[in-house]
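Notes follow the structure.
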Amino acid sequence: MDQFIVNIIHRPEMVPEYAEKVTGQGKAEDIGRKALLTESLDIFRLQQQIAHDNGLKTTIQMTYASLFNDEAVAIAKEHHEKYGDEIALSLLGLPCEQFREKYKTKDFCIWMFSMEDKKAIVRDVFGKFHDAFGFYPQSTGSYYMDADLINFIKAEYPSVKCAVATCWEEGPKAYHTCNNSWYTLMDGGPWAPWIPSRQNTHAPAADETEDSGIVAIPHLSRDLLACYDGNGSNFGTHPQNVLRGMIYDPDTWEYPYLYNLIDQYRSLAKFNNGYAYNMMFVGPGWMNKMGRWEAPFELLKKSYEDGCAYYGKLKKEGRLTDMTMAEFADWYRANKHYTEPECALWRDILYGSDKQLFWYCDPYMRACVNMDQGGAIVDLRPYAAKLEWPVGIGTAHVQDASYPFLIQEKYRAGYFTHYAGEGTVRSAKACHNGEEVDLCLCRTHGRFSQEGGDRILTLDPVDIEFSDLTVKLQTVITFPEGTGRIKIERRVLSMSDPAAEVTVNEYMVACYGTTEYPEDMTGLTLAVSAGEKSASIDYEYKCREASAAGAESVSCTLPPIKTKVTMTCEGRDKTGYVREGYAFSPMFTLGYTGTLREKEGFATWLNLERAD
Amino acid sequence: MAQSGKGRLNYRCPSCFMRDLDIDMFYDKDRDEYYCIRCQYRGNEADVLAKNRMARFRYGAMMRRFTDFEDFTREDEKA
């Protein structure tokens with residue numbers, strides 16, 4: 001039977017991130033304002049009541065500030081006894097007078113502190129928690145938890161088994177939405193719970209040796225299409241985020257999108273051995289009595305009541321299990337294995353476009369296949385490298401916690417439509433008598449299936465129309481579990497001229513980075529492996545090419561992200577090639593050309609591994 | 001003229017919202033209008049509300065309730 005699990009989390013954040021700036025407009029900053037503290041606690045109490053009224057248990061993530069508040073501590077104890085809520089500890093909500101006085105800073109994101117400060121703060125906060133409750137927490141979290149931080153916490157406080165550890169695709173897009181002022185740069189992670197590796201939080205552990213010892217959950221369950229394209233903070237299981245996106249009828253205050261989002265997450269059980277997950281975590285600043293932007297308090301409150309009521313209804317119908325974070329961690333450990341991928345066949349539920357994506361995540365990669373572009377891979381993160389990426393003051397990445405991409409269609413162009421250069425995408429072109437058609441222009445949909453350890457995406461066939469030939473072609477993409485490989489096969493189902501032959505060009509244009517801006521490609525090495533005809537190119541922006549008939553493989557080694565990506569091929573007349581880019585097109589291309597006849601297939605494999 | 005402040009509700013700039021920017025507007029009580037410090041938009045409350053309705057044009061399925069997430073049959077294609 002399918003199991004849909006929800007974690008509902010509340011935090012008594014005594015100085016909500018948004019509230020001081022919003023409600024305090026026109027007043028000098030004072031984070032000790034009594035009115036602010038009182039309101040924050042009132043909101044927390046209200047959130048707890050709404051969840052309990054709907055028969056849902058919560059995880060109470062105490063903040064540092066709340067540990068100084070006897071009333072907040074008393075509520076947590078009471079609700080733990082009465083409702084079975086878990087008392088946990090958040091590393092959000094650090095700001096308060098005591099914190100500022102002690103640490104002499106206004107920083108509030110734990111992953112951005114120096115390692116020395118992270119250790120001091122964790123010991124302080126966990127110690128304070130122990131003083132208040134007499135035990136150490138089993139769950140913790142922040143918007144992001146870097147690997148060094150998780151490893152430290154697990155070593156010092158082994159009781160911790162679960163943590164909120166990233167917010168899906170909260171990166172440059174969220175930064176831009178806040179007029180370049182909100183520094184939560186953490187793209188490239190899993191959208192659903194995972195076991196983080198000890199090397200990089202975003203990359204799931206492949207085995208026990210890589211296991212960080214915790215189960216990570218995402219901060220919110222986010223729309224896997226809308227958040228990839230737009231401001232992530234509008235499209236998640238956070239009712240007030242939906243209001244932020246203005247995704248409601250302004251006359252009736254109805255928002256079917258919120259329920260569609262929850263239901264589409266429920267539907268993912270079909271692709272994940274019967275398991276689906278949701279997380280709802282609304283900070284008190286979002287239920288501000290002053291209202292939030294256009295939304296008055298009454299609407300903010302209604303949306304939270306409606307969200308909890310829907311989860312409550314599902315629970316009453318036996319279609320949802322509410323768990324605390326610690327309970328969920330135990331369930332996850334008992335029911336999942338390391339290499340088991342997370343799969344999501346996701347449709348547009350907001351814009352009315354009929355677009356469909358397939359997301360795949362395992363310890364070796366995160367990939368996005370876009371059916372609206374003929375099954376092109378439009379996002380690819382090479383987790384196989386398990387890239388060590390320290391974050392915070394004193395490291396090379398003070399704020400940027402994103403896992404680097406090889407392909408990112410929104411930041412680095414995707415299927416190319418502009419004036420000069422190329423964009424990152426993994427697609428194919430069919431060619432005949434001088435005409436060329438890119439599969440990125442063949443809109444279709446796909447179906448998921450599982451055969452043993454293979455997750456298979458079978459796309460509906462598309463017609464490729466040349467002036468004198470029509471080819472019915474089908475794409476089948478296979479993700480064999482635990483291999484770091486993707487197989488892409490093109491099958492010619494029929495041709496208007498059964499004797500005809502078409503040329504296929506399987507290509508991957510890629511680069512590396514975490515933002516829209518180019519990185520230095522110097523140091524990358526392109527190679528064609530073909531015995532005596534082997535060739536290599538050290539990247540110098542010289543627009544060079546190399547190719548070899550019958551090549552065993554083509555590859556690129558990227559030392560800055562310790563990744564090697566290789567393409568191999570099984571097909572008629574195969575020729576492998578590599579292309580260096582140039583300054584106005586800082587990309588590289590790997591590819592194979594070959595020929596296809598009716599009823600034939602042409603298969604290529606994409607392989608990801610750590611370079612060193 | 002006196003300094004601007006925030007209005008009863010903190011309206012965002014509808015023009016910036018449509019380009020994925022959340023920018024709080026300020027309220028000029030002398031002119032009874034909201035204005036954006038990021039772009040050139042200005043308008044009274046009624047205009048802001050009207051533009052906010054317009055901004056929803058992109059949400060073509062905003063009020064649709066989905067029951068099947070793999071059925072792409074369009075209404076006009078159903079038998």
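Following the order of the structure tokens, chains are lettered A, B, ..., residues in each are numbered from 1, and ligands are numbered from 1.
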
Return as JSON lines the residues of chain B lying at most 10 Å from chain A, together with the closest atom-to-atom pair for each and the distance in Å to one decimal, counting only C-alpha atoms, with rows in chain order and ascending residue number.
{"residue": "B:Ser4", "atom": "CA", "partner": "A:Gly26", "partner_atom": "CA", "distance": 9.7}
{"residue": "B:Gly5", "atom": "CA", "partner": "A:Gly26", "partner_atom": "CA", "distance": 7.1}
{"residue": "B:Lys6", "atom": "CA", "partner": "A:Gln25", "partner_atom": "CA", "distance": 7.4}
{"residue": "B:Gly7", "atom": "CA", "partner": "A:Trp293", "partner_atom": "CA", "distance": 9.8}
{"residue": "B:Arg8", "atom": "CA", "partner": "A:Met290", "partner_atom": "CA", "distance": 8.5}
{"residue": "B:Leu9", "atom": "CA", "partner": "A:Glu294", "partner_atom": "CA", "distance": 5.7}
{"residue": "B:Asn10", "atom": "CA", "partner": "A:Trp293", "partner_atom": "CA", "distance": 4.2}
{"residue": "B:Tyr11", "atom": "CA", "partner": "A:Trp293", "partner_atom": "CA", "distance": 5.1}
{"residue": "B:Arg12", "atom": "CA", "partner": "A:Trp293", "partner_atom": "CA", "distance": 6.5}
{"residue": "B:Cys16", "atom": "CA", "partner": "A:Thr177", "partner_atom": "CA", "distance": 9.2}
{"residue": "B:Phe17", "atom": "CA", "partner": "A:Thr177", "partner_atom": "CA", "distance": 8.5}
{"residue": "B:Arg19", "atom": "CA", "partner": "A:Thr177", "partner_atom": "CA", "distance": 8.5}
{"residue": "B:Asp20", "atom": "CA", "partner": "A:Thr177", "partner_atom": "CA", "distance": 5.5}
{"residue": "B:Leu21", "atom": "CA", "partner": "A:Thr177", "partner_atom": "CA", "distance": 4.2}
{"residue": "B:Asp22", "atom": "CA", "partner": "A:Thr177", "partner_atom": "CA", "distance": 5.6}
{"residue": "B:Ile23", "atom": "CA", "partner": "A:Cys178", "partner_atom": "CA", "distance": 7.2}
{"residue": "B:Asp24", "atom": "CA", "partner": "A:Trp293", "partner_atom": "CA", "distance": 7.6}
{"residue": "B:Met25", "atom": "CA", "partner": "A:Trp293", "partner_atom": "CA", "distance": 9.5}
{"residue": "B:Arg38", "atom": "CA", "partner": "A:Asn179", "partner_atom": "CA", "distance": 8.7}
{"residue": "B:Val48", "atom": "CA", "partner": "A:Glu294", "partner_atom": "CA", "distance": 9.9}
{"residue": "B:Leu49", "atom": "CA", "partner": "A:Glu294", "partner_atom": "CA", "distance": 8.9}
{"residue": "B:Asn52", "atom": "CA", "partner": "A:Met246", "partner_atom": "CA", "distance": 7.9}
{"residue": "B:Arg53", "atom": "CA", "partner": "A:Pro250", "partner_atom": "CA", "distance": 7.7}
{"residue": "B:Ala55", "atom": "CA", "partner": "A:Met246", "partner_atom": "CA", "distance": 8.4}
{"residue": "B:Arg56", "atom": "CA", "partner": "A:Met246", "partner_atom": "CA", "distance": 7.1}
{"residue": "B:Phe57", "atom": "CA", "partner": "A:Tyr351", "partner_atom": "CA", "distance": 8.9}
{"residue": "B:Arg58", "atom": "CA", "partner": "A:Tyr351", "partner_atom": "CA", "distance": 6.0}
{"residue": "B:Tyr59", "atom": "CA", "partner": "A:Tyr351", "partner_atom": "CA", "distance": 4.4}
{"residue": "B:Gly60", "atom": "CA", "partner": "A:Tyr351", "partner_atom": "CA", "distance": 4.5}
{"residue": "B:Ala61", "atom": "CA", "partner": "A:Gly352", "partner_atom": "CA", "distance": 4.6}
{"residue": "B:Met62", "atom": "CA", "partner": "A:Leu350", "partner_atom": "CA", "distance": 5.3}
{"residue": "B:Met63", "atom": "CA", "partner": "A:Pro256", "partner_atom": "CA", "distance": 5.8}
{"residue": "B:Arg64", "atom": "CA", "partner": "A:Pro256", "partner_atom": "CA", "distance": 6.7}
{"residue": "B:Arg65", "atom": "CA", "partner": "A:Pro256", "partner_atom": "CA", "distance": 5.9}
{"residue": "B:Phe66", "atom": "CA", "partner": "A:Asn260", "partner_atom": "CA", "distance": 6.0}
{"residue": "B:Thr67", "atom": "CA", "partner": "A:Asn260", "partner_atom": "CA", "distance": 8.0}
{"residue": "B:Asp68", "atom": "CA", "partner": "A:Gln264", "partner_atom": "CA", "distance": 8.6}
{"residue": "B:Phe69", "atom": "CA", "partner": "A:Arg347", "partner_atom": "CA", "distance": 6.4}
{"residue": "B:Glu70", "atom": "CA", "partner": "A:Arg347", "partner_atom": "CA", "distance": 7.4}
{"residue": "B:Asp71", "atom": "CA", "partner": "A:Asp354", "partner_atom": "CA", "distance": 9.3}
{"residue": "B:Phe72", "atom": "CA", "partner": "A:Asp354", "partner_atom": "CA", "distance": 6.4}
{"residue": "B:Thr73", "atom": "CA", "partner": "A:Asp354", "partner_atom": "CA", "distance": 9.1}
{"residue": "B:Arg74", "atom": "CA", "partner": "A:Asp354", "partner_atom": "CA", "distance": 8.9}

For the selection you just gave me, I'd like the residues written to a file as an mmCIF file, in the first residue's frame, keeping C-alpha atoms.
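Written out: result.cif:
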data_model
loop_
_atom_site.group_PDB
_atom_site.id
_atom_site.type_symbol
_atom_site.label_atom_id
_atom_site.label_comp_id
_atom_site.auth_asym_id
_atom_site.auth_seq_id
_atom_site.Cartn_x
_atom_site.Cartn_y
_atom_site.Cartn_z
ATOM 1 C CA SER B 4 6.905 58.207 2.180
ATOM 2 C CA GLY B 5 6.047 55.166 4.247
ATOM 3 C CA LYS B 6 4.289 51.876 3.832
ATOM 4 C CA GLY B 7 0.590 51.515 3.268
ATOM 5 C CA ARG B 8 -2.024 49.566 5.114
ATOM 6 C CA LEU B 9 -0.796 46.463 3.353
ATOM 7 C CA ASN B 10 2.703 46.271 1.954
ATOM 8 C CA TYR B 11 1.910 46.102 -1.711
ATOM 9 C CA ARG B 12 4.666 44.890 -3.989
ATOM 10 C CA CYS B 16 8.497 44.036 -10.886
ATOM 11 C CA PHE B 17 6.417 41.054 -9.717
ATOM 12 C CA ARG B 19 9.613 39.907 -13.789
ATOM 13 C CA ASP B 20 10.005 37.785 -10.637
ATOM 14 C CA LEU B 21 11.086 40.604 -8.363
ATOM 15 C CA ASP B 22 9.466 41.143 -4.971
ATOM 16 C CA ILE B 23 9.874 44.820 -4.262
ATOM 17 C CA ASP B 24 7.907 46.502 -1.512
ATOM 18 C CA MET B 25 6.408 49.745 -2.676
ATOM 19 C CA ARG B 38 13.314 49.781 -8.388
ATOM 20 C CA VAL B 48 -2.180 48.085 -7.955
ATOM 21 C CA LEU B 49 -5.013 45.629 -7.379
ATOM 22 C CA ASN B 52 -2.091 42.211 -9.563
ATOM 23 C CA ARG B 53 -5.057 40.556 -11.235
ATOM 24 C CA ALA B 55 -0.150 39.451 -13.269
ATOM 25 C CA ARG B 56 -2.011 36.190 -12.811
ATOM 26 C CA PHE B 57 -2.380 35.768 -16.574
ATOM 27 C CA ARG B 58 0.574 33.403 -16.558
ATOM 28 C CA TYR B 59 -1.183 30.984 -14.214
ATOM 29 C CA GLY B 60 -3.343 29.392 -16.895
ATOM 30 C CA ALA B 61 -4.286 26.451 -14.663
ATOM 31 C CA MET B 62 -4.467 28.359 -11.381
ATOM 32 C CA MET B 63 -8.064 27.438 -10.653
ATOM 33 C CA ARG B 64 -8.019 23.956 -12.188
ATOM 34 C CA ARG B 65 -8.140 20.957 -9.852
ATOM 35 C CA PHE B 66 -6.055 18.078 -11.187
ATOM 36 C CA THR B 67 -7.016 14.496 -10.497
ATOM 37 C CA ASP B 68 -4.665 12.678 -12.894
ATOM 38 C CA PHE B 69 -1.113 13.865 -13.246
ATOM 39 C CA GLU B 70 -0.326 11.792 -16.325
ATOM 40 C CA ASP B 71 -3.380 12.523 -18.429
ATOM 41 C CA PHE B 72 -2.575 15.257 -20.935
ATOM 42 C CA THR B 73 -5.754 14.983 -22.941
ATOM 43 C CA ARG B 74 -7.007 18.488 -23.582
#

Residues within 9 Å of stretch 516-523 of chain A, only C-alpha atoms, excluding chain neighbours under 4 positions, as a ChimeraX atom specification = /A:172,408,410-413,511-512,538-541,557-560,586-588

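Within 9 Å of A:Gln3, once only C-alpha atoms are used and residues closer than 4 positions along the same chain are dropped, the contacting residues are A:Arg266, A:Ala269, A:Gly274, A:Tyr275, A:Ala276, A:Tyr277, A:Arg319, A:Leu320, A:Thr321.
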
Kindly export the residues of the current selection with N, CA and C atoms, as a short mmCIF file (atom, residue, chain, number, x, y, z; two decimals), in the first residue's frame.
data_model
loop_
_atom_site.label_atom_id
_atom_site.label_comp_id
_atom_site.auth_asym_id
_atom_site.auth_seq_id
_atom_site.Cartn_x
_atom_site.Cartn_y
_atom_site.Cartn_z
N ARG A 266 1.82 13.31 -3.65
CA ARG A 266 1.28 11.98 -3.28
C ARG A 266 1.42 11.01 -4.44
N ALA A 269 4.39 8.40 -5.29
CA ALA A 269 4.55 7.05 -4.73
C ALA A 269 4.67 6.01 -5.84
N GLY A 274 6.07 2.98 -3.80
CA GLY A 274 4.94 3.18 -2.92
C GLY A 274 5.11 4.24 -1.86
N TYR A 275 6.21 4.96 -1.93
CA TYR A 275 6.47 5.96 -0.89
C TYR A 275 6.42 7.39 -1.46
N ALA A 276 5.79 8.29 -0.73
CA ALA A 276 5.78 9.70 -1.09
C ALA A 276 5.90 10.53 0.18
N TYR A 277 6.34 11.76 0.01
CA TYR A 277 6.69 12.56 1.19
C TYR A 277 6.31 14.03 0.99
N ARG A 319 -5.00 8.04 4.12
CA ARG A 319 -4.12 8.24 2.97
C ARG A 319 -2.87 9.05 3.31
N LEU A 320 -2.66 9.29 4.58
CA LEU A 320 -1.50 10.07 5.02
C LEU A 320 -1.07 9.60 6.40
N THR A 321 0.22 9.58 6.61
CA THR A 321 0.76 9.29 7.94
C THR A 321 1.56 10.50 8.39
#

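In the backbone-derived DSSP annotation, alpha helix (DSSP H) within stretch 8-39 of chain B comprises Pro14, Ser15, Cys16 and Phe17 of chain B.
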
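Going from atom CA of A:Glu609 over to atom CA of A:Asp454, you cover 18.9 Å.
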
Per-residue DSSP, chain B, filtered to strand (DSSP E or B), as a ChimeraX atom specification | /B:5,12,24,26-28,33-35,42-43

Which polymer residues have any atom within 7 Å of an atom of stretch 544-548 of chain A, counting only C-alpha atoms, with same-chain residues fewer than 3 positions away left out, as an MDAnalysis selection string?
-> chainID A and resid 528 530 533 535 551 575:580

Which of these, A:Pro239, A:Pro382, A:Pro284, A:Gly550, has the shortest distance to A:Cys308 once you count only C-alpha atoms?
-> A:Pro239
